[in-house]
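Report on one structure; see the data block that follows.
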Amino acid sequence: MIALIFDMDGVIVDSNPVHRQAWAAFNRRYGLETTEEMLQRMYGRRNDQIVRDFYGEGITAEEVDARGRAKERLFREMMAGRTEKMLVPGLRAFLERHRDLPMGVGSNAEPENVAFVLDETGLGQYFRAVVDGHQVRHPKPHPEVYLRVADLLETEPAKCIVFEDSHSGAAAAVAAGMRVIGIRTTDGNLPGTSLTIDNFLSGDLEVWLRAQMRPV
């Protein structure tokens, strides 16, 4: 049996536009103007990496943690009451159709953000395993996140199909020995993908999945 693993930002919820707004507003507190180049470097990375990138390696680990948490509180405030409307189209029906398959979440996101999205939308019921960026030593593009989800789902990596929107996430899944389906919310050209779709309404997705489920 195959297992389905989902990144969160850009795959479950199209939240990257809000992350962009939150980073810009948060950085202004420190007199830092956020450029498009900075925002492009944000995608698919864990918060500690982003904070050090934006503010330099000189700040302490405690300050990295504090700034990351403060920015994510701002993000959740901006998202409150909007999460359902920001789900990637077709996702809820897709999860319901395939709820008999082992499914999990593998994200670099903060644990509070993962819990917030799954609680606000009620989607937590579909996932047998949830791994966030603080449950692993090495964030994406290292494969540890996805290998940990596969282990919790008791499914070998070769039988796992990962849904990703970022280069670092796709690289992590490929490095884990998993197949990748690209979602075009963030980047439409992800190397190593078996299929690329706009969202979960894609008919191509169901055809491709049925092919993977056929006995060899």
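Quick note on naming: the chains in the structure tokens go A, B, ... in the order shown, residues restart at 1 in each chain, and ligands are numbered from 1 in order of appearance.
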
Identify, on the basis of only C-alpha atoms, every residue whose closest approach to A:Leu74 does not exceed 9 Å; exclude the query and any residue fewer than 4 positions from it along the same chain; express the result as number ranges by chain. A: 22-23, 25-26, 69-70, 78-79

For A:Pro17, which residue out of A:Val207, A:Leu147, A:Phe75, A:Arg214 is the nearest one, using only C-alpha atoms? A:Phe75

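Around A:Val130, within 9 Å and counting only C-alpha atoms, the residues found are Gly104, Val105, Gly106, Ser107, Val114, Gly124, Val149 and Leu152 of chain A, once anything fewer than 4 positions away on its own chain is removed.
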
Fewer than 5 positions away in the same chain doesn't count, so skip those; otherwise give me all residues within 10 Å of stretch 189-204 of chain A, counting only C-alpha atoms, as an MDAnalysis selection string. chainID A and resid 11:12 88:95 161:171 173:175 178:184 209

Backbone DSSP call of strand (DSSP E) for stretch 20-200 of chain A, listed as a PyMOL selection string: chain A and resi 103-106+129-131+160-164+179-183+195-197

Counting only C-alpha atoms, which residues of stretch 38-139 of chain A fall within 10 Å of stretch 27-33 of chain A, and what is the closest atom pair for each with its distance in Å at one decimal, ordered by chain and rising number, as JSON lines?
{"residue": "A:Met38", "atom": "CA", "partner": "A:Glu33", "partner_atom": "CA", "distance": 9.7}
{"residue": "A:Val51", "atom": "CA", "partner": "A:Asn27", "partner_atom": "CA", "distance": 9.8}
{"residue": "A:Phe54", "atom": "CA", "partner": "A:Leu32", "partner_atom": "CA", "distance": 8.6}
{"residue": "A:Tyr55", "atom": "CA", "partner": "A:Leu32", "partner_atom": "CA", "distance": 8.7}
{"residue": "A:Arg67", "atom": "CA", "partner": "A:Asn27", "partner_atom": "CA", "distance": 9.6}
{"residue": "A:Lys71", "atom": "CA", "partner": "A:Asn27", "partner_atom": "CA", "distance": 8.7}

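Closest to A:Pro139 among A:Asp48, A:Glu37, A:Glu96, A:Glu72 is A:Asp48, based on only C-alpha atoms.
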
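In this model, the gap between atom CA of A:Lys140 and atom CA of A:Arg20 comes to 19.4 Å.
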
Would you mind listing what lies within 9 Å of A:Cys160 as a ChimeraX atom specification, with only C-alpha atoms counted and same-chain residues fewer than 4 positions away left out? /A:2-5,150,155-156,177-180

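Excluding A:Arg52 itself and any same-chain residue fewer than 5 positions from it, the protein and nucleic acid residues within 8 Å of it, counting only C-alpha atoms, are Glu57, Ile59 and Val64 of chain A.
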